[in-house]
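Data file: final.pdb. Format and content: PDB, C-alpha atoms.
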```pdb
ATOM      1  CA  ILE C   1     115.384 104.199 -98.755  1.00  0.00           C
ATOM      2  CA  THR C   2     114.263 107.436-100.362  1.00  0.00           C
ATOM      3  CA  LYS C   3     111.236 107.708 -98.050  1.00  0.00           C
ATOM      4  CA  ALA C   4     113.406 107.072 -94.997  1.00  0.00           C
ATOM      5  CA  THR C   5     115.914 109.728 -96.080  1.00  0.00           C
ATOM      6  CA  ILE C   6     113.142 112.267 -96.665  1.00  0.00           C
ATOM      7  CA  ASN C   7     111.627 111.448 -93.260  1.00  0.00           C
ATOM      8  CA  VAL C   8     114.972 111.902 -91.484  1.00  0.00           C
ATOM      9  CA  GLU C   9     115.564 115.224 -93.247  1.00  0.00           C
ATOM     10  CA  LYS C  10     112.072 116.433 -92.308  1.00  0.00           C
ATOM     11  CA  GLN C  11     112.557 115.515 -88.656  1.00  0.00           C
ATOM     12  CA  LEU C  12     115.939 117.220 -88.532  1.00  0.00           C
ATOM     13  CA  THR C  13     114.386 120.310 -90.109  1.00  0.00           C
ATOM     14  CA  ASP C  14     111.628 120.277 -87.476  1.00  0.00           C
ATOM     15  CA  VAL C  15     114.215 120.190 -84.694  1.00  0.00           C
ATOM     16  CA  ASN C  16     116.353 122.849 -86.307  1.00  0.00           C
ATOM     17  CA  VAL C  17     113.431 125.251 -86.707  1.00  0.00           C
ATOM     18  CA  ILE C  18     113.469 125.438 -82.923  1.00  0.00           C
ATOM     19  CA  LEU C  19     117.203 125.103 -82.202  1.00  0.00           C
ATOM     20  CA  GLY C  20     118.473 127.289 -85.065  1.00  0.00           C
ATOM     21  CA  LEU C  21     121.712 125.388 -85.616  1.00  0.00           C
ATOM     22  CA  SER C  22     124.197 126.036 -88.420  1.00  0.00           C
ATOM     23  CA  GLN C  23     124.522 123.352 -91.107  1.00  0.00           C
ATOM     24  CA  LYS C  24     127.682 122.003 -89.477  1.00  0.00           C
ATOM     25  CA  GLN C  25     126.089 121.975 -86.006  1.00  0.00           C
ATOM     26  CA  LEU C  26     123.010 120.241 -87.419  1.00  0.00           C
ATOM     27  CA  GLN C  27     125.183 117.517 -88.954  1.00  0.00           C
ATOM     28  CA  GLY C  28     126.833 116.920 -85.570  1.00  0.00           C
ATOM     29  CA  PHE C  29     123.442 116.951 -83.843  1.00  0.00           C
ATOM     30  CA  SER C  30     122.155 114.442 -86.393  1.00  0.00           C
ATOM     31  CA  ARG C  31     125.127 112.121 -85.749  1.00  0.00           C
ATOM     32  CA  ASP C  32     124.461 112.360 -82.027  1.00  0.00           C
ATOM     33  CA  LEU C  33     120.767 111.528 -82.516  1.00  0.00           C
ATOM     34  CA  PHE C  34     121.672 108.419 -84.513  1.00  0.00           C
ATOM     35  CA  LYS C  35     124.195 107.456 -81.833  1.00  0.00           C
ATOM     36  CA  ILE C  36     121.557 107.823 -79.094  1.00  0.00           C
ATOM     37  CA  ALA C  37     119.085 105.765 -81.146  1.00  0.00           C
ATOM     38  CA  ASN C  38     121.685 103.038 -81.526  1.00  0.00           C
ATOM     39  CA  GLU C  39     122.776 103.083 -77.864  1.00  0.00           C
ATOM     40  CA  THR C  40     119.216 102.968 -76.518  1.00  0.00           C
ATOM     41  CA  GLY C  41     117.769 100.567 -79.084  1.00  0.00           C
ATOM     42  CA  SER C  42     115.252 103.181 -80.222  1.00  0.00           C
ATOM     43  CA  SER C  43     114.106 104.057 -83.715  1.00  0.00           C
ATOM     44  CA  PHE C  44     115.296 107.322 -85.198  1.00  0.00           C
ATOM     45  CA  ASP C  45     111.664 108.414 -85.478  1.00  0.00           C
ATOM     46  CA  ILE C  46     111.161 108.109 -81.703  1.00  0.00           C
ATOM     47  CA  VAL C  47     114.478 109.809 -80.990  1.00  0.00           C
ATOM     48  CA  ALA C  48     113.678 112.698 -83.328  1.00  0.00           C
ATOM     49  CA  LYS C  49     110.208 113.204 -81.829  1.00  0.00           C
ATOM     50  CA  GLY C  50     111.754 113.293 -78.351  1.00  0.00           C
ATOM     51  CA  ALA C  51     114.347 115.809 -79.552  1.00  0.00           C
ATOM     52  CA  VAL C  52     111.607 118.070 -80.917  1.00  0.00           C
ATOM     53  CA  GLU C  53     109.715 117.871 -77.618  1.00  0.00           C
ATOM     54  CA  LEU C  54     112.803 118.717 -75.559  1.00  0.00           C
ATOM     55  CA  SER C  55     113.972 121.486 -77.879  1.00  0.00           C
ATOM     56  CA  ARG C  56     110.540 123.120 -77.476  1.00  0.00           C
ATOM     57  CA  GLN C  57     111.381 123.511 -73.793  1.00  0.00           C
ATOM     58  CA  GLY C  58     114.077 126.019 -74.714  1.00  0.00           C
ATOM     59  CA  LEU C  59     116.992 123.675 -74.057  1.00  0.00           C
ATOM     60  CA  SER C  60     120.292 123.972 -75.871  1.00  0.00           C
ATOM     61  CA  ALA C  61     121.253 121.273 -78.364  1.00  0.00           C
ATOM     62  CA  THR C  62     123.662 119.755 -75.841  1.00  0.00           C
ATOM     63  CA  GLU C  63     121.105 119.664 -73.033  1.00  0.00           C
ATOM     64  CA  THR C  64     118.465 118.320 -75.439  1.00  0.00           C
ATOM     65  CA  LEU C  65     120.746 115.404 -76.326  1.00  0.00           C
ATOM     66  CA  LYS C  66     121.575 114.693 -72.676  1.00  0.00           C
ATOM     67  CA  ARG C  67     117.958 114.703 -71.496  1.00  0.00           C
ATOM     68  CA  LEU C  68     116.866 112.742 -74.546  1.00  0.00           C
ATOM     69  CA  LYS C  69     119.318 109.949 -73.815  1.00  0.00           C
ATOM     70  CA  ASP C  70     118.222 109.895 -70.180  1.00  0.00           C
ATOM     71  CA  ALA C  71     114.525 109.865 -71.150  1.00  0.00           C
ATOM     72  CA  LEU C  72     115.116 106.942 -73.516  1.00  0.00           C
ATOM     73  CA  THR C  73     116.989 105.127 -70.747  1.00  0.00           C
ATOM     74  CA  LEU C  74     114.027 105.680 -68.427  1.00  0.00           C
ATOM     75  CA  THR C  75     111.718 104.413 -71.170  1.00  0.00           C
ATOM     76  CA  ARG C  76     113.693 101.170 -71.435  1.00  0.00           C
ATOM     77  CA  LEU C  77     113.898 100.795 -67.668  1.00  0.00           C
ATOM     78  CA  SER C  78     110.275 101.576 -66.867  1.00  0.00           C
ATOM     79  CA  GLY C  79     108.223 100.784 -69.930  1.00  0.00           C
ATOM     80  CA  LEU C  80     106.909 104.352 -70.017  1.00  0.00           C
ATOM     81  CA  SER C  81     106.444 106.066 -73.351  1.00  0.00           C
ATOM     82  CA  VAL C  82     109.136 108.514 -74.400  1.00  0.00           C
ATOM     83  CA  GLU C  83     106.688 111.377 -73.872  1.00  0.00           C
ATOM     84  CA  ASP C  84     105.915 110.216 -70.324  1.00  0.00           C
ATOM     85  CA  SER C  85     109.624 109.785 -69.559  1.00  0.00           C
ATOM     86  CA  ILE C  86     110.355 113.299 -70.816  1.00  0.00           C
ATOM     87  CA  SER C  87     107.463 114.615 -68.741  1.00  0.00           C
ATOM     88  CA  ALA C  88     108.666 112.879 -65.567  1.00  0.00           C
ATOM     89  CA  ILE C  89     112.211 114.184 -65.960  1.00  0.00           C
ATOM     90  CA  THR C  90     111.028 117.689 -66.830  1.00  0.00           C
ATOM     91  CA  THR C  91     108.622 117.772 -63.883  1.00  0.00           C
ATOM     92  CA  ALA C  92     111.355 116.703 -61.481  1.00  0.00           C
ATOM     93  CA  ILE C  93     113.882 119.203 -62.797  1.00  0.00           C
ATOM     94  CA  ASN C  94     111.461 122.121 -63.014  1.00  0.00           C
ATOM     95  CA  GLY C  95     109.549 121.241 -59.878  1.00  0.00           C
ATOM     96  CA  PHE C  96     112.492 120.879 -57.552  1.00  0.00           C
ATOM     97  CA  ASN C  97     114.855 123.535 -58.979  1.00  0.00           C
ATOM     98  CA  ASP C  98     117.816 121.798 -57.378  1.00  0.00           C
ATOM     99  CA  ALA C  99     121.163 122.513 -59.024  1.00  0.00           C
ATOM    100  CA  ALA C 100     122.380 119.007 -58.166  1.00  0.00           C
ATOM    101  CA  LEU C 101     119.308 117.410 -59.767  1.00  0.00           C
ATOM    102  CA  ASP C 102     119.886 116.823 -63.471  1.00  0.00           C
ATOM    103  CA  SER C 103     118.307 114.236 -65.737  1.00  0.00           C
ATOM    104  CA  THR C 104     121.087 111.680 -65.245  1.00  0.00           C
ATOM    105  CA  THR C 105     120.868 111.983 -61.461  1.00  0.00           C
ATOM    106  CA  ILE C 106     117.101 111.520 -61.611  1.00  0.00           C
ATOM    107  CA  ILE C 107     117.413 108.385 -63.751  1.00  0.00           C
ATOM    108  CA  ASN C 108     120.089 106.947 -61.462  1.00  0.00           C
ATOM    109  CA  LYS C 109     117.969 107.569 -58.365  1.00  0.00           C
ATOM    110  CA  LEU C 110     114.902 105.980 -59.961  1.00  0.00           C
ATOM    111  CA  ALA C 111     116.926 102.959 -61.065  1.00  0.00           C
ATOM    112  CA  ASN C 112     118.493 102.524 -57.622  1.00  0.00           C
ATOM    113  CA  VAL C 113     115.155 102.673 -55.811  1.00  0.00           C
ATOM    114  CA  ASP C 114     113.647 100.324 -58.419  1.00  0.00           C
ATOM    115  CA  SER C 115     116.369  97.752 -57.784  1.00  0.00           C
ATOM    116  CA  LEU C 116     116.307  97.974 -53.980  1.00  0.00           C
ATOM    117  CA  PHE C 117     112.602  98.143 -53.176  1.00  0.00           C
ATOM    118  CA  ALA C 118     109.249  96.778 -54.315  1.00  0.00           C
ATOM    119  CA  VAL C 119     108.520  99.783 -56.497  1.00  0.00           C
ATOM    120  CA  SER C 120     109.179 100.216 -60.191  1.00  0.00           C
ATOM    121  CA  ALA C 121     110.779 103.161 -61.943  1.00  0.00           C
ATOM    122  CA  LYS C 122     107.456 103.505 -63.774  1.00  0.00           C
ATOM    123  CA  ASP C 123     105.573 103.905 -60.484  1.00  0.00           C
ATOM    124  CA  LEU C 124     108.084 106.489 -59.306  1.00  0.00           C
ATOM    125  CA  ALA C 125     107.956 108.414 -62.593  1.00  0.00           C
ATOM    126  CA  ASP C 126     104.154 108.330 -62.650  1.00  0.00           C
ATOM    127  CA  ALA C 127     104.016 109.683 -59.108  1.00  0.00           C
ATOM    128  CA  LEU C 128     106.608 112.374 -59.860  1.00  0.00           C
ATOM    129  CA  ALA C 129     104.630 113.569 -62.856  1.00  0.00           C
ATOM    130  CA  ARG C 130     101.544 114.025 -60.690  1.00  0.00           C
ATOM    131  CA  VAL C 131     102.903 115.431 -57.445  1.00  0.00           C
ATOM    132  CA  GLY C 132     106.428 116.748 -58.140  1.00  0.00           C
ATOM    133  CA  SER C 133     105.750 120.478 -58.174  1.00  0.00           C
ATOM    134  CA  THR C 134     103.347 120.294 -55.223  1.00  0.00           C
ATOM    135  CA  ALA C 135     105.921 118.359 -53.187  1.00  0.00           C
ATOM    136  CA  LYS C 136     108.501 121.078 -53.705  1.00  0.00           C
ATOM    137  CA  ASP C 137     105.981 123.768 -52.716  1.00  0.00           C
ATOM    138  CA  THR C 138     105.314 121.953 -49.435  1.00  0.00           C
ATOM    139  CA  GLY C 139     109.004 121.537 -48.617  1.00  0.00           C
ATOM    140  CA  VAL C 140     109.397 117.873 -49.571  1.00  0.00           C
ATOM    141  CA  LYS C 141     112.777 117.172 -51.157  1.00  0.00           C
ATOM    142  CA  PHE C 142     113.204 114.887 -54.182  1.00  0.00           C
ATOM    143  CA  ASP C 143     114.718 112.002 -52.203  1.00  0.00           C
ATOM    144  CA  GLU C 144     112.010 112.323 -49.550  1.00  0.00           C
ATOM    145  CA  LEU C 145     109.325 112.136 -52.226  1.00  0.00           C
ATOM    146  CA  LEU C 146     110.896 108.979 -53.641  1.00  0.00           C
ATOM    147  CA  GLY C 147     110.845 107.543 -50.114  1.00  0.00           C
ATOM    148  CA  LEU C 148     107.195 108.478 -49.596  1.00  0.00           C
ATOM    149  CA  VAL C 149     106.127 106.932 -52.891  1.00  0.00           C
ATOM    150  CA  THR C 150     108.202 103.811 -52.248  1.00  0.00           C
ATOM    151  CA  ALA C 151     106.767 103.320 -48.757  1.00  0.00           C
ATOM    152  CA  ALA C 152     103.209 103.884 -49.960  1.00  0.00           C
ATOM    153  CA  ARG C 153     103.704 101.462 -52.864  1.00  0.00           C
ATOM    154  CA  GLN C 154     105.138  98.743 -50.631  1.00  0.00           C
ATOM    155  CA  ILE C 155     102.424  99.123 -47.992  1.00  0.00           C
ATOM    156  CA  THR C 156      99.346  99.665 -50.168  1.00  0.00           C
ATOM    157  CA  GLY C 157     100.306  97.977 -53.424  1.00  0.00           C
ATOM    158  CA  ARG C 158      98.780 100.921 -55.300  1.00  0.00           C
ATOM    159  CA  GLU C 159     100.236 102.143 -58.583  1.00  0.00           C
ATOM    160  CA  GLY C 160     102.457 105.214 -58.718  1.00  0.00           C
ATOM    161  CA  SER C 161      99.830 107.299 -60.489  1.00  0.00           C
ATOM    162  CA  VAL C 162      97.316 106.620 -57.717  1.00  0.00           C
ATOM    163  CA  ILE C 163      99.898 107.387 -55.035  1.00  0.00           C
ATOM    164  CA  GLY C 164     100.917 110.590 -56.821  1.00  0.00           C
ATOM    165  CA  ASN C 165      97.306 111.739 -57.056  1.00  0.00           C
ATOM    166  CA  SER C 166      96.756 110.923 -53.385  1.00  0.00           C
ATOM    167  CA  LEU C 167      99.801 112.831 -52.242  1.00  0.00           C
TER
END
```
Go ahead and render the structure in this file as structure tokens.
Amino acid sequence: ITKATINVEKQLTDVNVILGLSQKQLQGFSRDLFKIANETGSSFDIVAKGAVELSRQGLSATETLKRLKDALTLTRLSGLSVEDSISAITTAINGFNDAALDSTTIINKLANVDSLFAVSAKDLADALARVGSTAKDTGVKFDELLGLVTAARQITGREGSVIGNSL
């Protein structure tokens, strides 16, 4: 128990070095991290590492928690690692710069396409990570890119990473 407590304190310190929260805010943030771990069936270690990664992106504590929960949801849905889920969400948000496109919207769109078509959320996320910013530069909208990847996956049977590289 002592080792686990020390590990949790270290991880919270690592996050707080970046976020700069007060002691009271850090306690609330810690409670929220444990809640997210419980709700997503993830270990605290994984949740804390994801929080550090997101906080390094300059996000507020609130936005870090929101994106973290969404990334862990994508991880459960797709089988991607937490790091890959964070990368896919970050690429989509930063690449498309659409005010209506937040992490929850992205996850919902990926889940809907996954359930309706012969493409997995993992394939979509892999493709997004590889071609997201280029798609935006060429005028392709987020939903259009999901459609392109889905059509290519259904027709060719290729994995999302291959499709993303090809696009």
(request) Determine the nearest neighbour of Gln154 in chain C from the options C:Ser120, C:Thr138, C:Thr40, C:Ser81, counting only C-alpha atoms. (result)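 Looking only at the distances to Gln154 in chain C, the closest residue turns out to be C:Ser120.
Distances to Leu65 in chain C were evaluated for C:Ile36, C:Val119, C:Ile89, C:Val82 using only C-alpha atoms, and the minimum falls at C:Ile36.
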Check what the PyMOL selection byres ((chain C and resi 57-63) around 12) selects in the file above and give those residues as a short mmCIF file (atom, residue, chain, number, x, y, z; two decimals) with C-alpha atoms, in the coordinates of the input.
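New file selection03.cif:
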```cif
data_model
loop_
_atom_site.label_atom_id
_atom_site.label_comp_id
_atom_site.auth_asym_id
_atom_site.auth_seq_id
_atom_site.Cartn_x
_atom_site.Cartn_y
_atom_site.Cartn_z
CA VAL C 15 114.22 120.19 -84.69
CA ASN C 16 116.35 122.85 -86.31
CA ILE C 18 113.47 125.44 -82.92
CA LEU C 19 117.20 125.10 -82.20
CA GLY C 20 118.47 127.29 -85.06
CA LEU C 21 121.71 125.39 -85.62
CA SER C 22 124.20 126.04 -88.42
CA GLN C 25 126.09 121.98 -86.01
CA LEU C 26 123.01 120.24 -87.42
CA GLN C 27 125.18 117.52 -88.95
CA GLY C 28 126.83 116.92 -85.57
CA PHE C 29 123.44 116.95 -83.84
CA SER C 30 122.16 114.44 -86.39
CA ASP C 32 124.46 112.36 -82.03
CA LEU C 33 120.77 111.53 -82.52
CA GLY C 50 111.75 113.29 -78.35
CA ALA C 51 114.35 115.81 -79.55
CA VAL C 52 111.61 118.07 -80.92
CA GLU C 53 109.72 117.87 -77.62
CA LEU C 54 112.80 118.72 -75.56
CA SER C 55 113.97 121.49 -77.88
CA ARG C 56 110.54 123.12 -77.48
CA THR C 64 118.46 118.32 -75.44
CA LEU C 65 120.75 115.40 -76.33
CA LYS C 66 121.58 114.69 -72.68
CA ARG C 67 117.96 114.70 -71.50
CA LEU C 68 116.87 112.74 -74.55
CA LYS C 69 119.32 109.95 -73.82
CA ASP C 70 118.22 109.90 -70.18
CA ALA C 71 114.52 109.86 -71.15
CA ILE C 86 110.36 113.30 -70.82
CA SER C 87 107.46 114.62 -68.74
CA THR C 90 111.03 117.69 -66.83
CA THR C 91 108.62 117.77 -63.88
CA ASN C 94 111.46 122.12 -63.01
CA ASP C 102 119.89 116.82 -63.47
CA SER C 103 118.31 114.24 -65.74
CA THR C 104 121.09 111.68 -65.24
#
```
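Counting from CA of Val113 in chain C, the distance to CA of Gly157 in chain C is 15.8 Å.
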Range 8-16 of chain C, all listed atoms, 4 Å padding on each side: what axis-aligned box centre and edge lengths in Å to one decimal come out, as lines of an AutoDock Vina configuration file?
```
center_x = 114.0
center_y = 117.4
center_z = -89.0
size_x = 12.7
size_y = 18.9
size_z = 16.6
```
(request) Using all atoms listed in the file, give me every residue within 12 Å of (110.7, 101.7, -70.9) in file coordinates, as an MDAnalysis selection string. (result) chainID C and resid 40:42 70:86 107 111 120:123 125
